[in-house]
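Trainee: Take a look at model38.txt, compact mmCIF, C-alpha atoms:
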```
# COMPACT_ATOMS: atom_id res chain seq x y z
CA MET A 1 13.32 16.66 -3.76
CA THR A 2 11.73 14.85 -0.85
CA ARG A 3 11.50 11.13 -1.62
CA VAL A 4 8.16 9.42 -0.97
CA PHE A 5 7.48 5.68 -1.01
CA SER A 6 4.18 3.88 -0.64
CA GLY A 7 2.72 0.55 -1.65
CA ILE A 8 -0.47 -1.37 -2.34
CA LYS A 9 -0.77 -5.02 -1.33
CA PRO A 10 -2.58 -7.20 -3.93
CA THR A 11 -4.65 -9.22 -1.47
CA GLY A 12 -8.03 -8.05 -2.74
CA HIS A 13 -9.76 -5.67 -5.13
CA LEU A 14 -8.93 -2.03 -4.43
CA THR A 15 -11.62 -0.08 -2.62
CA LEU A 16 -13.02 3.39 -2.22
CA GLY A 17 -11.01 3.53 1.01
CA ASN A 18 -7.77 2.90 -0.88
CA TYR A 19 -8.62 5.65 -3.33
CA LEU A 20 -9.84 8.37 -0.95
CA GLY A 21 -7.33 7.51 1.74
CA ALA A 22 -4.22 7.25 -0.41
CA MET A 23 -4.30 6.87 -4.19
CA ARG A 24 -6.00 10.17 -4.99
CA ARG A 25 -3.44 12.11 -2.96
CA TRP A 26 -0.60 10.21 -4.61
CA ALA A 27 -1.82 11.38 -8.01
CA ALA A 28 -2.86 14.91 -7.07
CA VAL A 29 -0.03 15.85 -4.70
CA ASP A 30 2.81 13.42 -4.07
CA GLN A 31 3.92 12.70 -7.63
CA HIS A 32 4.09 16.45 -8.35
CA GLN A 33 5.81 17.62 -5.17
CA SER A 34 8.26 14.80 -4.52
CA ASP A 35 10.44 12.10 -5.99
CA ALA A 36 7.74 9.46 -5.57
CA LEU A 37 7.79 5.67 -5.83
CA PHE A 38 4.60 3.60 -5.79
CA CYS A 39 4.92 -0.15 -5.49
CA ILE A 40 2.65 -3.17 -5.77
CA VAL A 41 4.02 -5.07 -2.77
CA ASP A 42 3.23 -8.57 -4.01
CA LEU A 43 5.69 -10.30 -1.68
CA HIS A 44 3.58 -9.15 1.26
CA ALA A 45 0.62 -11.00 -0.24
CA LEU A 46 2.43 -14.31 0.34
CA THR A 47 2.32 -14.02 4.13
CA VAL A 48 -1.10 -15.70 4.21
CA ASP A 49 -2.73 -18.57 2.36
CA HIS A 50 -3.26 -17.43 -1.23
CA ASP A 51 -4.09 -18.48 -4.77
CA PRO A 52 -1.02 -17.82 -6.98
CA ALA A 53 -3.09 -17.00 -10.05
CA ARG A 54 -5.20 -14.55 -8.05
CA VAL A 55 -2.12 -12.76 -6.71
CA ARG A 56 -0.84 -12.30 -10.25
CA ARG A 57 -4.23 -11.10 -11.46
CA LEU A 58 -4.69 -8.66 -8.58
CA SER A 59 -1.13 -7.37 -9.00
CA ARG A 60 -1.82 -6.46 -12.62
CA GLN A 61 -5.19 -4.97 -11.71
CA ALA A 62 -3.64 -2.87 -8.93
CA ALA A 63 -0.97 -1.53 -11.29
CA THR A 64 -3.62 -0.66 -13.88
CA LEU A 65 -5.77 1.10 -11.28
CA LEU A 66 -2.83 3.09 -9.99
CA LEU A 67 -2.29 4.41 -13.49
CA ALA A 68 -6.02 4.92 -13.97
CA SER A 69 -6.14 6.99 -10.78
CA GLY A 70 -3.76 9.49 -12.34
CA LEU A 71 -0.23 8.32 -11.61
CA ASP A 72 2.01 9.44 -14.46
CA PRO A 73 5.13 7.27 -15.11
CA GLN A 74 6.84 10.42 -16.40
CA LEU A 75 6.45 11.98 -12.94
CA CYS A 76 6.80 9.00 -10.61
CA THR A 77 8.05 5.41 -10.48
CA VAL A 78 5.45 2.62 -10.56
CA PHE A 79 6.72 -0.94 -10.17
CA VAL A 80 6.19 -4.39 -8.68
CA GLN A 81 8.13 -5.26 -5.52
CA SER A 82 9.23 -8.75 -6.61
CA HIS A 83 10.77 -7.29 -9.78
CA VAL A 84 13.45 -5.53 -7.70
CA ASP A 85 15.74 -7.96 -5.85
CA GLU A 86 17.06 -5.25 -3.54
CA HIS A 87 13.93 -5.55 -1.38
CA THR A 88 14.71 -9.10 -0.30
CA ARG A 89 18.47 -8.50 -0.22
CA LEU A 90 18.01 -5.73 2.32
CA SER A 91 15.28 -7.50 4.28
CA TYR A 92 17.63 -10.17 5.59
CA LEU A 93 20.18 -7.56 6.66
CA LEU A 94 17.49 -5.74 8.62
CA GLU A 95 16.31 -9.00 10.21
CA CYS A 96 19.82 -9.15 11.67
CA VAL A 97 19.16 -5.81 13.38
CA ALA A 98 15.48 -6.17 14.36
CA THR A 99 14.42 -8.18 17.43
CA ASP A 100 11.92 -10.95 18.02
CA GLY A 101 10.12 -8.80 20.59
CA GLU A 102 9.59 -6.01 18.09
CA MET A 103 8.03 -8.38 15.61
CA ARG A 104 5.67 -9.93 18.13
CA ARG A 105 4.46 -6.52 19.28
CA MET A 106 3.17 -5.63 15.81
CA ILE A 107 -0.59 -5.17 16.12
CA GLN A 108 -1.47 -6.81 12.80
CA TYR A 109 0.58 -9.89 13.65
CA LYS A 110 -1.07 -10.24 17.05
CA GLU A 111 -4.56 -9.87 15.58
CA LYS A 112 -4.03 -12.29 12.69
CA ALA A 113 -2.22 -14.83 14.85
CA ALA A 114 -5.06 -14.74 17.38
CA ARG A 115 -7.65 -15.35 14.65
CA GLU A 116 -5.67 -18.32 13.35
CA ARG A 117 -5.35 -19.83 16.81
CA VAL A 118 -9.13 -19.59 17.26
CA ARG A 119 -9.51 -21.55 14.00
CA GLY A 120 -6.98 -24.08 15.18
CA GLY A 121 -4.40 -23.10 12.58
CA SER A 122 -0.97 -21.52 12.62
CA VAL A 123 0.56 -18.52 10.90
CA ARG A 124 3.42 -18.41 8.45
CA LEU A 125 6.80 -17.21 9.66
CA SER A 126 6.67 -14.53 6.96
CA LEU A 127 3.67 -12.95 8.69
CA LEU A 128 5.88 -12.39 11.73
CA THR A 129 8.82 -11.00 9.78
CA TYR A 130 7.11 -9.06 6.99
CA PRO A 131 7.31 -5.73 8.88
CA VAL A 132 11.06 -6.00 8.34
CA LEU A 133 10.46 -6.48 4.62
CA MET A 134 8.27 -3.38 4.75
CA ALA A 135 11.14 -1.54 6.43
CA ALA A 136 13.41 -2.71 3.62
CA ASP A 137 10.90 -1.42 1.06
CA ILE A 138 11.16 2.00 2.64
CA LEU A 139 14.84 2.21 3.58
CA ALA A 140 16.21 0.89 0.29
CA TYR A 141 15.20 4.11 -1.47
CA GLY A 142 16.39 6.68 1.05
CA THR A 143 12.73 7.48 1.68
CA ASP A 144 11.95 10.69 3.57
CA GLN A 145 8.18 10.35 3.88
CA VAL A 146 5.76 7.41 3.86
CA PRO A 147 2.10 8.43 3.36
CA VAL A 148 0.11 5.88 5.37
CA GLY A 149 -3.11 5.52 7.31
CA ASP A 150 -2.99 5.29 11.08
CA ASP A 151 -3.18 1.48 10.94
CA GLN A 152 0.25 1.37 9.28
CA THR A 153 2.00 4.02 11.38
CA GLN A 154 3.42 1.36 13.70
CA HIS A 155 5.25 -0.24 10.77
CA VAL A 156 6.84 3.06 9.76
CA GLU A 157 7.94 3.59 13.37
CA LEU A 158 9.61 0.17 13.22
CA ALA A 159 11.44 1.20 10.04
CA ARG A 160 12.64 4.33 11.84
CA ASP A 161 13.87 2.31 14.83
CA ILE A 162 15.72 -0.17 12.63
CA ALA A 163 17.33 2.60 10.58
CA VAL A 164 18.53 4.43 13.68
CA ARG A 165 19.87 1.22 15.24
CA PHE A 166 21.69 0.19 12.04
CA ASN A 167 23.22 3.65 11.66
CA GLN A 168 24.41 3.69 15.27
CA ARG A 169 25.99 0.23 15.08
CA TYR A 170 27.48 0.22 11.59
CA GLY A 171 27.75 3.83 10.49
CA HIS A 172 25.28 6.16 8.82
CA THR A 173 23.69 4.22 5.96
CA PHE A 174 19.94 4.83 5.89
CA VAL A 175 17.71 7.90 5.83
CA VAL A 176 15.33 7.82 8.81
CA PRO A 177 11.81 8.14 7.33
CA ARG A 178 8.65 9.56 8.85
CA ALA A 179 4.98 8.74 8.38
CA THR A 180 2.74 11.38 6.80
CA PRO A 181 -0.93 10.50 7.40
CA PRO A 182 -3.51 11.85 4.92
CA GLN A 183 -5.42 14.89 6.17
CA VAL A 184 -8.88 13.83 4.93
CA ALA A 185 -10.56 10.41 4.86
CA ALA A 186 -7.53 8.63 6.28
CA ARG A 187 -9.81 5.73 7.10
CA VAL A 188 -13.01 5.03 5.19
CA MET A 189 -15.04 2.62 7.25
CA ASN A 190 -17.05 -0.44 6.27
CA LEU A 191 -20.62 0.52 5.35
CA GLN A 192 -22.05 -2.47 7.23
CA ASP A 193 -19.66 -2.22 10.19
CA PRO A 194 -18.66 1.44 10.55
CA THR A 195 -16.31 0.63 13.42
CA SER A 196 -14.06 -1.35 11.04
CA LYS A 197 -11.95 -0.10 8.15
CA MET A 198 -13.15 -0.69 4.59
CA GLY A 199 -10.43 -3.25 3.86
CA LYS A 200 -9.88 -4.90 0.51
CA SER A 201 -9.19 -8.26 2.18
CA ASP A 202 -12.53 -8.33 4.01
CA ASP A 203 -15.22 -10.83 3.13
CA SER A 204 -18.16 -8.49 3.82
CA GLY A 205 -18.75 -7.38 0.25
CA PRO A 206 -21.96 -5.40 0.93
CA GLY A 207 -20.01 -3.05 3.18
CA ILE A 208 -17.21 -2.39 0.70
CA VAL A 209 -17.29 -0.16 -2.36
CA TYR A 210 -14.75 -1.46 -4.85
CA LEU A 211 -13.19 0.87 -7.40
CA LEU A 212 -14.57 -1.20 -10.26
CA ASP A 213 -18.12 -1.56 -8.89
CA GLU A 214 -20.79 -0.56 -11.38
CA PRO A 215 -22.72 2.66 -10.49
CA ASP A 216 -25.88 0.73 -9.60
CA VAL A 217 -23.89 -1.50 -7.27
CA VAL A 218 -22.28 1.52 -5.60
CA ARG A 219 -25.66 3.15 -5.04
CA ARG A 220 -27.17 -0.04 -3.66
CA LYS A 221 -24.36 -0.53 -1.15
CA ILE A 222 -24.45 3.06 0.08
CA MET A 223 -28.25 3.17 0.34
CA ARG A 224 -28.06 0.06 2.55
CA ALA A 225 -25.31 1.50 4.75
CA VAL A 226 -25.76 1.10 8.50
CA THR A 227 -26.72 4.29 10.36
CA ASP A 228 -28.61 4.30 13.68
CA SER A 229 -32.07 4.83 15.15
CA ALA A 230 -31.73 8.57 15.72
CA ARG A 231 -33.74 10.95 13.59
CA ASP A 232 -31.24 13.78 13.24
CA VAL A 233 -28.04 13.74 11.18
CA VAL A 234 -25.09 14.55 13.45
CA TYR A 235 -21.35 14.16 12.89
CA ASP A 236 -20.08 12.21 15.90
CA PRO A 237 -17.53 9.52 14.94
CA GLU A 238 -17.37 8.05 18.43
CA ALA A 239 -21.04 7.87 19.39
CA ARG A 240 -22.57 7.61 15.90
CA PRO A 241 -20.02 6.00 13.55
CA GLY A 242 -22.49 5.08 10.80
CA PRO A 243 -23.66 8.61 9.91
CA ALA A 244 -20.15 9.94 10.52
CA ASN A 245 -18.73 7.51 7.96
CA LEU A 246 -21.21 8.66 5.31
CA LEU A 247 -20.48 12.31 6.07
CA GLU A 248 -16.73 11.72 5.83
CA ILE A 249 -17.09 9.91 2.50
CA LEU A 250 -19.29 12.72 1.14
CA ALA A 251 -16.85 15.35 2.40
CA ALA A 252 -13.88 13.54 0.83
CA CYS A 253 -15.68 13.29 -2.51
CA THR A 254 -16.94 16.89 -2.61
CA GLY A 255 -14.22 18.77 -0.73
CA GLY A 256 -16.60 19.66 2.08
CA ASN A 257 -16.42 19.46 5.85
CA PRO A 258 -18.20 16.58 7.63
CA SER A 259 -19.42 18.71 10.52
CA GLU A 260 -20.77 21.40 8.22
CA LEU A 261 -22.40 18.85 5.93
CA SER A 262 -24.27 17.30 8.85
CA GLY A 263 -26.30 20.49 9.16
CA VAL A 264 -27.47 20.24 5.56
CA TYR A 265 -29.41 16.99 5.95
CA GLU A 266 -32.57 16.20 7.85
CA THR A 267 -32.84 12.54 6.83
CA TYR A 268 -30.46 9.66 6.29
CA GLY A 269 -32.13 8.93 2.96
CA ALA A 270 -31.09 12.28 1.51
CA LEU A 271 -27.58 11.91 2.93
CA LYS A 272 -27.20 8.45 1.40
CA ARG A 273 -28.47 9.56 -2.02
CA ASP A 274 -26.06 12.48 -2.22
CA THR A 275 -23.18 10.33 -0.95
CA ALA A 276 -23.92 7.65 -3.54
CA ASP A 277 -24.05 10.23 -6.36
CA ALA A 278 -20.78 11.78 -5.20
CA VAL A 279 -19.00 8.43 -5.05
CA VAL A 280 -20.23 7.43 -8.52
CA GLU A 281 -18.90 10.69 -9.96
CA VAL A 282 -15.53 10.35 -8.23
CA LEU A 283 -15.08 6.80 -9.54
CA ARG A 284 -16.30 7.50 -13.07
CA PRO A 285 -13.02 8.83 -14.57
CA VAL A 286 -11.00 6.12 -12.83
CA GLN A 287 -13.20 3.39 -14.29
CA GLU A 288 -13.14 4.94 -17.76
CA ARG A 289 -9.35 5.17 -17.76
CA HIS A 290 -9.09 1.61 -16.42
CA ARG A 291 -11.13 0.33 -19.35
CA GLU A 292 -8.82 2.15 -21.77
CA LEU A 293 -5.69 0.71 -20.17
CA CYS A 294 -7.09 -2.81 -20.24
CA THR A 295 -7.22 -2.62 -24.02
CA ASP A 296 -3.45 -1.98 -24.10
CA PRO A 297 -1.81 -4.41 -21.64
CA GLY A 298 1.56 -3.88 -23.31
CA TYR A 299 1.56 -0.30 -22.06
CA VAL A 300 1.08 -1.36 -18.43
CA GLU A 301 3.80 -4.01 -18.77
CA GLY A 302 6.17 -1.40 -20.19
CA VAL A 303 5.47 0.99 -17.31
CA LEU A 304 6.21 -1.76 -14.77
CA ARG A 305 9.37 -2.83 -16.59
CA ASP A 306 10.73 0.70 -16.81
CA GLY A 307 9.68 1.41 -13.24
CA ALA A 308 11.54 -1.64 -11.95
CA GLU A 309 14.69 -0.57 -13.80
CA ARG A 310 14.56 2.90 -12.25
CA ALA A 311 13.76 1.51 -8.80
CA ARG A 312 16.62 -0.98 -9.03
CA ALA A 313 19.06 1.78 -9.95
CA MET A 314 17.90 3.86 -6.99
CA ALA A 315 17.97 1.07 -4.43
CA ARG A 316 21.15 -0.80 -5.33
CA PRO A 317 23.71 1.78 -4.07
CA THR A 318 22.00 1.99 -0.67
CA VAL A 319 21.63 -1.77 -0.30
CA ASP A 320 25.25 -2.33 -1.38
CA ALA A 321 26.31 0.24 1.21
CA GLY A 322 24.36 -1.67 3.84
CA TYR A 323 26.12 -4.90 2.92
CA ARG A 324 29.52 -3.26 3.24
CA ALA A 325 28.64 -1.51 6.49
CA ILE A 326 27.44 -4.66 8.25
CA GLY A 327 30.65 -6.51 7.37
CA LEU A 328 29.97 -8.58 4.27
CA LEU A 329 32.78 -9.12 1.80
CA PRO A 330 32.06 -7.42 -1.54
CA ALA A 331 31.76 -9.77 -4.49
CA ALA A 332 34.69 -9.64 -6.92
CA GLU A 333 33.80 -8.29 -10.34
CA ALA A 334 34.01 -10.94 -13.07
CA GLU A 335 36.74 -10.29 -15.63
CA ASP A 336 35.79 -10.35 -19.29
CA VAL A 337 37.78 -12.80 -21.44
CA GLY A 338 38.01 -11.31 -24.90
CA ILE A 339 38.28 -13.24 -28.16
CA GLY A 340 41.81 -14.35 -28.73
CA ALA A 341 42.82 -13.84 -25.11
CA ALA A 342 45.27 -16.28 -23.64
CA VAL A 343 43.53 -19.19 -21.94
CA PRO A 344 45.28 -20.49 -18.83
CA ASP A 345 46.60 -24.04 -18.99
CA ILE A 346 44.46 -26.12 -16.65
CA GLY A 347 45.67 -29.48 -17.89
CA VAL A 348 46.92 -32.13 -15.47
CA THR A 349 50.69 -32.61 -15.50
CA ALA A 350 52.64 -35.60 -14.39
```
Once more with this new file: its structure as structure tokens, please.
Mentor:
Amino acid sequence: MTRVFSGIKPTGHLTLGNYLGAMRRWAAVDQHQSDALFCIVDLHALTVDHDPARVRRLSRQAATLLLASGLDPQLCTVFVQSHVDEHTRLSYLLECVATDGEMRRMIQYKEKAARERVRGGSVRLSLLTYPVLMAADILAYGTDQVPVGDDQTQHVELARDIAVRFNQRYGHTFVVPRATPPQVAARVMNLQDPTSKMGKSDDSGPGIVYLLDEPDVVRRKIMRAVTDSARDVVYDPEARPGPANLLEILAACTGGNPSELSGVYETYGALKRDTADAVVEVLRPVQERHRELCTDPGYVEGVLRDGAERARAMARPTVDAGYRAIGLLPAAEAEDVGIGAAVPDIGVTA
């Protein structure tokens, strides 16, 4: 089967954008049609200033929401990145193949570094190198496809470049993956700034619908969504991003087409009401299942433990092969000393 890998970074509460853009497809399609691994990439959350307790809390919440969204541990592998040492083992090897120039060309690094410089701060070295860790996440499992939004495509291209370069220099070791962007609602935009993605790390709460928002909160946020001064409802993402965002959200929730839906509405009020109702209904089963899982934390812990064991078994042969290919001496296996076995004389003689 085709192997698929994707991850969620626990840097904020998961959003409607995470669900419509990725998680729903993972549950409905990927886990059924592929050998799929879904990872909470907690090591990536350490690339910026963070609260350790919050990272742990958000990691558990993300795992619970992945299961609540429909991921079945009998069909796919759900685990936490830091529970599988092969990620960091392989990351250093790939740093020895990647280049400084490649890292500094990464769009997210350039944007975050620029913001820090404006504030008079500096960025962590891990922010520069974490795309290599992301490449290790992907390559360790012989991944064929990586379902990502267009903002992450550059990172998958880096993983491809590193895999090809490693294979050419040291012999064929890694599968060369490819990005598979979602067909619908790849990017759900911020309700208050429809030119920006609805990101879980953003501070603009009123523009973000979180998966655990109460129905009244969801409705309030959508009813206050930014549109424009025009009277007609037209789907034009470039010229009229606000209405287009609402139409895309409604289409993603109902299975419709944004352009066709635009002809149904004469007012923004009606569009917002129907969009709010559709979002509430889409989130309802996820929230109900999340509440059930929260009453049984041992189940979630067991899923993550078993998932890490399976992931470790899948990744270790590939990572070990990478170590051999690049020229590292294999570690000698320790010999068992049985009961009653002869013990060598290590005494000092004259």
Trainee: Given the choices A:Ala270, A:Val188, A:Ala22, A:Ala136, which gets closest to Gly242 in chain A if the distance is worked out from all atoms listed in the file?
Mentor: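 Closest to Gly242 in chain A, using all atoms listed in the file: A:Val188.
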Trainee: Counting only C-alpha atoms, figure out which residue out of A:Arg284, A:His155, A:His44, A:Arg3 gets nearest to Met106 in chain A.
Mentor: A:His155
Trainee: Taking only C-alpha atoms into account, name the residue in A:Val29, A:Leu139, A:Leu261, A:Met198 that is nearest to Thr15 in chain A.
Mentor: A:Met198
Trainee: To one decimal in Å, tell me the separation between CA of Ala62 in chain A and CA of His13 in chain A.
Mentor: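 For CA of Ala62 in chain A relative to CA of His13 in chain A, the distance reads 7.7 Å.
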Trainee: Quick check, in Å to one decimal: how far apart do CA of Pro194 in chain A and CA of Pro241 in chain A lie?
Mentor: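 Straight-line distance from CA of Pro194 in chain A to CA of Pro241 in chain A works out to 5.6 Å.
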